[in-house]
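As structure tokens, the structure follows; a few thoughts come after it.
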Amino acid sequence: MKKYLAIVFVAAFALVSCNKYLDMTPTDRVSAKTIWETTQSAEYNINYLYTYIWDLNSSPTVIGLTEALTDEMKYTSYNYNALCYIPSEMAYGGSVLKASYVDSYMGYWGTLYTAIRQTNEALNYLDAYGKMDEWDKYRLEAEIRFMRAYLYFELVKRYKDIIIYDKDLTAITKDKALSSEQAAWDFIEEDLNYAAANLPEPADAGGRLNKGIANAFITRAMLYAKRYDAVILAAKKVEVMGYKLESTYKDAITKTLAQGNKESILQYTFDYDKGITHSFNFYYTPGGDYALIDSKGGAYGVPTQEMVESYEYAVGGFPDWSEWHNAKGTAKTPPYALLEPRFQATILYNGAKWKDREIEPYVGGIDGYATWKTEKEPKGKTVTGYYLRKLVDENYNVNTSASSQPFIFLRYAEVLLNYAEACFRQNKLTEANDAVRAIRTRVGLPYSDKGGDDLWAAIRQERKVELAYEGLRYWDMRRWELGSEDYPLGLANYQQHGLKIERNGEGFTYTYVSVDEKDRTFPTKMYRFPMPESELNSNSLVNQYEEWK
């Protein structure tokens, strides 16, 4: 059986950050010698490490998707904490953003170090017990080092200055000082370069980690590190491996590797019959799917009006939405049908085709409308007038919470946008414009070359709409240090909105409503998460980061 990334999905670790100090001393494993002797048994052990990628993408925080901390998504319920009210409370900021609060909901310090310890143990066991041929041993080491780099990347993007542990298990100690952010990026880059050099070509990998994945991830990681030459070099390596944009945006998101998706670089596939599933659809499918079988579910998180207004007409240019910014309501139909393909593939709106019906996100509709906070448990109703289409399986059987549609965590469109940003930073304007043009051409949007602030704005705009709901926008705003700026440049001093839709004879009335109780903020200290108290209390060589003292 081929060992695709998906075959090992189990609960790899509990995503919590309020652990006690983690004892980094390795424990003996009776079967370690047997496990690491042969290629096949070593691969099965490494499969477990693969699950960390899924865990950190499906649950990037304890409170759910980070899109809810941006202008893209609103969690609907006021009555539940995780995946509902807490994301709003965190976005309001203020006195609630104490170190212990942010660590509890956003930080995975202890969890990530547990996983890193496992990768370092794996490297030691492979070196000590591996009897496979030399090529396989290099390949397996490359897989483990890719995973270690991935885990350290997740640490550094959250905390910047961190503690570095390598495979020297004798160096593990209770008291250990922080390394600099630059030293951490050096460590990550070295691991990723080793992986890129020693992993097989995509066609030869049998569903396991490969050179394409390693180089594509380099473009992401080194963008955070501001090592733009490395981003450009890795992007060019990805290009010559045969990856390309799918002809339609919808295919880029929904096609599997088995169906020939040329854009997908790192894709996790599932198998319902084998019990390899996930629960994404239960949380995000339109509530009407459940109402039709007299049940409740779906729509925990829904797109916002702000996100809808981020899309252009299909012919280019943005609509004037002032007609619908009316607290008294208007009977004029919003220009949904005229918006570009990425909107159509991402957001479900009033009258949109879904399964064998039309979406009814209005008061009294099958999907329904709920007033945020007033109706504390919407139970599938939208609070914005919209539902998420992207990543939600239209074939999902709502009689079960188990889902099997694939998820793509790295695709060529992101590589192109990473490349565009790196080229812009290096003043390679022709190359940056060409990459942006390729992204827009795929969806039929016009583009003319730009420079300076206009080009930078175009790159940010394309990242927002092209990569919407793929788990990147919140982290982009942090690494750009734009989150603390006023909206729409940043994520401060604005409220999220939706449209309350009501039947009006044969038509509808659309009323602009806020789905926040106060303005959102983004204090500068949120560019780094606080170190957990457990580490501070146990490690005498570390202090709390300055911004959290």
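Ordering of the structure tokens sets the chain letters (A, B, ...); residue numbers start at 1 within each chain; ligands are numbered from 1 in the order shown.
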Item to check | Polymer residues at most 8 Å from Thr330 in chain A, only C-alpha atoms, same-chain spacing of 3 or more positions, as a PyMOL selection string | outcome: chain A and resi 323-324+326+509-511
Item to check | Ala291 in chain A environment, 9 Å, only C-alpha atoms, sequence neighbours closer than 6 positions dropped, as a ChimeraX atom specification | outcome: /A:297,366-367,380
Next on the checklist: So that I can check the surroundings of range 125-129 of chain A, please list as an NGL selection string every protein, DNA and RNA residue that reaches within 12 Å of it, counting only C-alpha atoms and ignoring chain neighbours fewer than 4 positions away.
Outcome noted: :A and (26 or 28-39 or 41-43 or 45-46 or 118-121 or 133-134 or 136-145 or 167-169)
Next on the checklist: as a ChimeraX atom specification, please: every residue in range 247-447 of chain A that a backbone DSSP assignment puts in strand (DSSP E or B).
Outcome noted: /A:264-268,271,276,278,301-303,313,330,339,347-348,353-354,357-358,369,382,387-388,403,407-411
Item to check | Two-atom distance - CA of Trp185 in chain A, CA of Ala225 in chain A (Å) | outcome: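 Taking CA of Trp185 in chain A as the start and CA of Ala225 in chain A as the end point, the length is 6.3 Å.
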Checklist entry - In Å to one decimal, how far is CA of Ser180 in chain A from CA of Gln544 in chain A? => result 14.2 Å
Long-range neighbours of Ala337 in chain A as a compact mmCIF listing (two decimals) with C-alpha atoms, in the first residue's frame, 10 Å cut-off, only C-alpha atoms, 6 positions minimum in chain:
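Written output follows (part-v6.txt):
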```txt
# COMPACT_ATOMS: atom_id res chain seq x y z
CA TYR A 313 -15.93 42.33 -10.84
CA ALA A 314 -15.18 39.49 -13.25
CA PHE A 343 -15.58 34.81 -5.13
CA GLN A 344 -17.92 32.29 -6.73
CA TYR A 349 -24.54 34.03 -0.89
CA GLY A 351 -29.49 32.53 -4.19
CA ALA A 352 -26.15 30.79 -4.84
```
Checklist entry - For Leu482 in chain A, which residue among A:Ile164, A:Thr70, A:Gly94, A:Leu348 is the nearest when counting only C-alpha atoms? => result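 Answer, going by the shortest atom-to-atom distance: A:Thr70.
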Item to check | Long-range neighbours of range 394-396 of chain A as a list in words, 10 Å cut-off, only C-alpha atoms, 2 positions minimum in chain | outcome: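 My reading of the contact set: Asn281, Phe282, Thr285, Pro286, Asp289, Trp354, Lys355, Asp356, Arg389, Lys390, Leu391, Val392, Val398, Asn399, Thr400, Ser401, Ala402, Ser403, Ser404 and Gln405 of chain A.
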Output N, CA and C atoms for every residue in the selection just made, as an mmCIF file, in the first residue's frame.
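Below you can see out.cif, which holds the result:
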```cif
data_model
loop_
_atom_site.group_PDB
_atom_site.id
_atom_site.type_symbol
_atom_site.label_atom_id
_atom_site.label_comp_id
_atom_site.auth_asym_id
_atom_site.auth_seq_id
_atom_site.Cartn_x
_atom_site.Cartn_y
_atom_site.Cartn_z
ATOM 1 N N ASN A 281 -16.391 19.804 7.784
ATOM 2 C CA ASN A 281 -17.714 20.119 7.247
ATOM 3 C C ASN A 281 -18.768 20.315 8.327
ATOM 4 N N PHE A 282 -18.651 19.580 9.407
ATOM 5 C CA PHE A 282 -19.628 19.745 10.481
ATOM 6 C C PHE A 282 -19.657 21.177 10.973
ATOM 7 N N THR A 285 -20.284 23.755 7.058
ATOM 8 C CA THR A 285 -21.266 23.560 5.992
ATOM 9 C C THR A 285 -22.484 24.450 6.238
ATOM 10 N N PRO A 286 -23.222 24.875 5.201
ATOM 11 C CA PRO A 286 -24.411 25.709 5.404
ATOM 12 C C PRO A 286 -25.431 25.044 6.320
ATOM 13 N N ASP A 289 -28.375 22.603 5.187
ATOM 14 C CA ASP A 289 -28.165 21.181 4.924
ATOM 15 C C ASP A 289 -28.666 20.344 6.094
ATOM 16 N N TRP A 354 -26.186 25.473 -4.590
ATOM 17 C CA TRP A 354 -25.477 24.599 -3.665
ATOM 18 C C TRP A 354 -26.205 23.260 -3.623
ATOM 19 N N LYS A 355 -25.471 22.204 -3.921
ATOM 20 C CA LYS A 355 -26.086 20.887 -4.035
ATOM 21 C C LYS A 355 -27.234 20.974 -5.043
ATOM 22 N N ASP A 356 -28.433 20.614 -4.649
ATOM 23 C CA ASP A 356 -29.571 20.676 -5.577
ATOM 24 C C ASP A 356 -30.555 21.775 -5.179
ATOM 25 N N ARG A 389 -17.927 28.481 1.085
ATOM 26 C CA ARG A 389 -17.986 27.430 0.070
ATOM 27 C C ARG A 389 -16.631 26.745 -0.083
ATOM 28 N N LYS A 390 -15.583 27.540 -0.119
ATOM 29 C CA LYS A 390 -14.244 27.006 -0.279
ATOM 30 C C LYS A 390 -13.927 26.062 0.885
ATOM 31 N N LEU A 391 -13.351 24.925 0.572
ATOM 32 C CA LEU A 391 -12.935 23.898 1.524
ATOM 33 C C LEU A 391 -14.094 23.072 2.075
ATOM 34 N N VAL A 392 -15.336 23.466 1.784
ATOM 35 C CA VAL A 392 -16.494 22.712 2.245
ATOM 36 C C VAL A 392 -16.920 21.753 1.141
ATOM 37 N N VAL A 398 -24.560 15.038 5.665
ATOM 38 C CA VAL A 398 -24.727 15.674 6.973
ATOM 39 C C VAL A 398 -25.261 14.723 8.030
ATOM 40 N N ASN A 399 -25.555 13.495 7.663
ATOM 41 C CA ASN A 399 -25.980 12.506 8.657
ATOM 42 C C ASN A 399 -24.797 11.984 9.469
ATOM 43 N N THR A 400 -23.592 12.393 9.078
ATOM 44 C CA THR A 400 -22.400 11.989 9.821
ATOM 45 C C THR A 400 -21.492 13.201 9.981
ATOM 46 N N SER A 401 -20.681 13.196 11.039
ATOM 47 C CA SER A 401 -19.734 14.309 11.227
ATOM 48 C C SER A 401 -18.403 14.028 10.552
ATOM 49 N N ALA A 402 -18.271 12.862 9.925
ATOM 50 C CA ALA A 402 -17.007 12.476 9.300
ATOM 51 C C ALA A 402 -16.932 12.972 7.865
ATOM 52 N N SER A 403 -15.809 13.602 7.505
ATOM 53 C CA SER A 403 -15.602 14.151 6.172
ATOM 54 C C SER A 403 -14.353 13.548 5.552
ATOM 55 N N SER A 404 -14.330 13.493 4.229
ATOM 56 C CA SER A 404 -13.176 12.878 3.563
ATOM 57 C C SER A 404 -12.639 13.685 2.393
ATOM 58 N N GLN A 405 -13.090 14.962 2.212
ATOM 59 C CA GLN A 405 -12.531 15.715 1.103
ATOM 60 C C GLN A 405 -11.083 16.102 1.402
#
```
Next on the checklist: Taking 5 positions as the minimum chain separation for residues in the same chain, which residues sit within 6 Å of range 246-256 of chain A when counting only C-alpha atoms? Answer as JSON, numbers by chain.
Outcome noted: {"A": [261, 263, 345]}
Save the residues we just selected, all heavy atoms, as a PDB file, in the first residue's frame?
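Output contents, as saved in selection.pdb:
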```pdb
ATOM      1  N   ASN A 261      -4.288  16.969 -10.252  1.00  0.00           N
ATOM      2  CA  ASN A 261      -4.093  18.361  -9.857  1.00  0.00           C
ATOM      3  C   ASN A 261      -2.612  18.717  -9.946  1.00  0.00           C
ATOM      4  O   ASN A 261      -1.796  18.251  -9.150  1.00  0.00           O
ATOM      5  CB  ASN A 261      -4.605  18.567  -8.435  1.00  0.00           C
ATOM      6  CG  ASN A 261      -4.683  20.031  -8.030  1.00  0.00           C
ATOM      7  OD1 ASN A 261      -3.932  20.861  -8.539  1.00  0.00           O
ATOM      8  ND2 ASN A 261      -5.591  20.348  -7.128  1.00  0.00           N
ATOM      9  N   GLU A 263      -1.396  21.733  -9.563  1.00  0.00           N
ATOM     10  CA  GLU A 263      -1.084  22.878  -8.705  1.00  0.00           C
ATOM     11  C   GLU A 263      -0.798  22.450  -7.275  1.00  0.00           C
ATOM     12  O   GLU A 263      -0.074  23.121  -6.547  1.00  0.00           O
ATOM     13  CB  GLU A 263      -2.245  23.870  -8.734  1.00  0.00           C
ATOM     14  CG  GLU A 263      -1.973  25.153  -7.999  1.00  0.00           C
ATOM     15  CD  GLU A 263      -3.026  26.207  -8.287  1.00  0.00           C
ATOM     16  OE1 GLU A 263      -3.718  26.101  -9.316  1.00  0.00           O
ATOM     17  OE2 GLU A 263      -3.151  27.145  -7.495  1.00  0.00           O
ATOM     18  N   ALA A 345     -16.196  30.691  -6.096  1.00  0.00           N
ATOM     19  CA  ALA A 345     -15.691  29.422  -5.577  1.00  0.00           C
ATOM     20  C   ALA A 345     -15.433  29.446  -4.077  1.00  0.00           C
ATOM     21  O   ALA A 345     -15.136  28.396  -3.485  1.00  0.00           O
ATOM     22  CB  ALA A 345     -14.396  29.039  -6.300  1.00  0.00           C
TER      23      ALA A 345
END
```
Checklist entry - DSSP says helix (DSSP H, G or I) for which residues of range 453-505 of chain A? Put them as an NGL selection string? => result :A and (453-466 or 473-479)
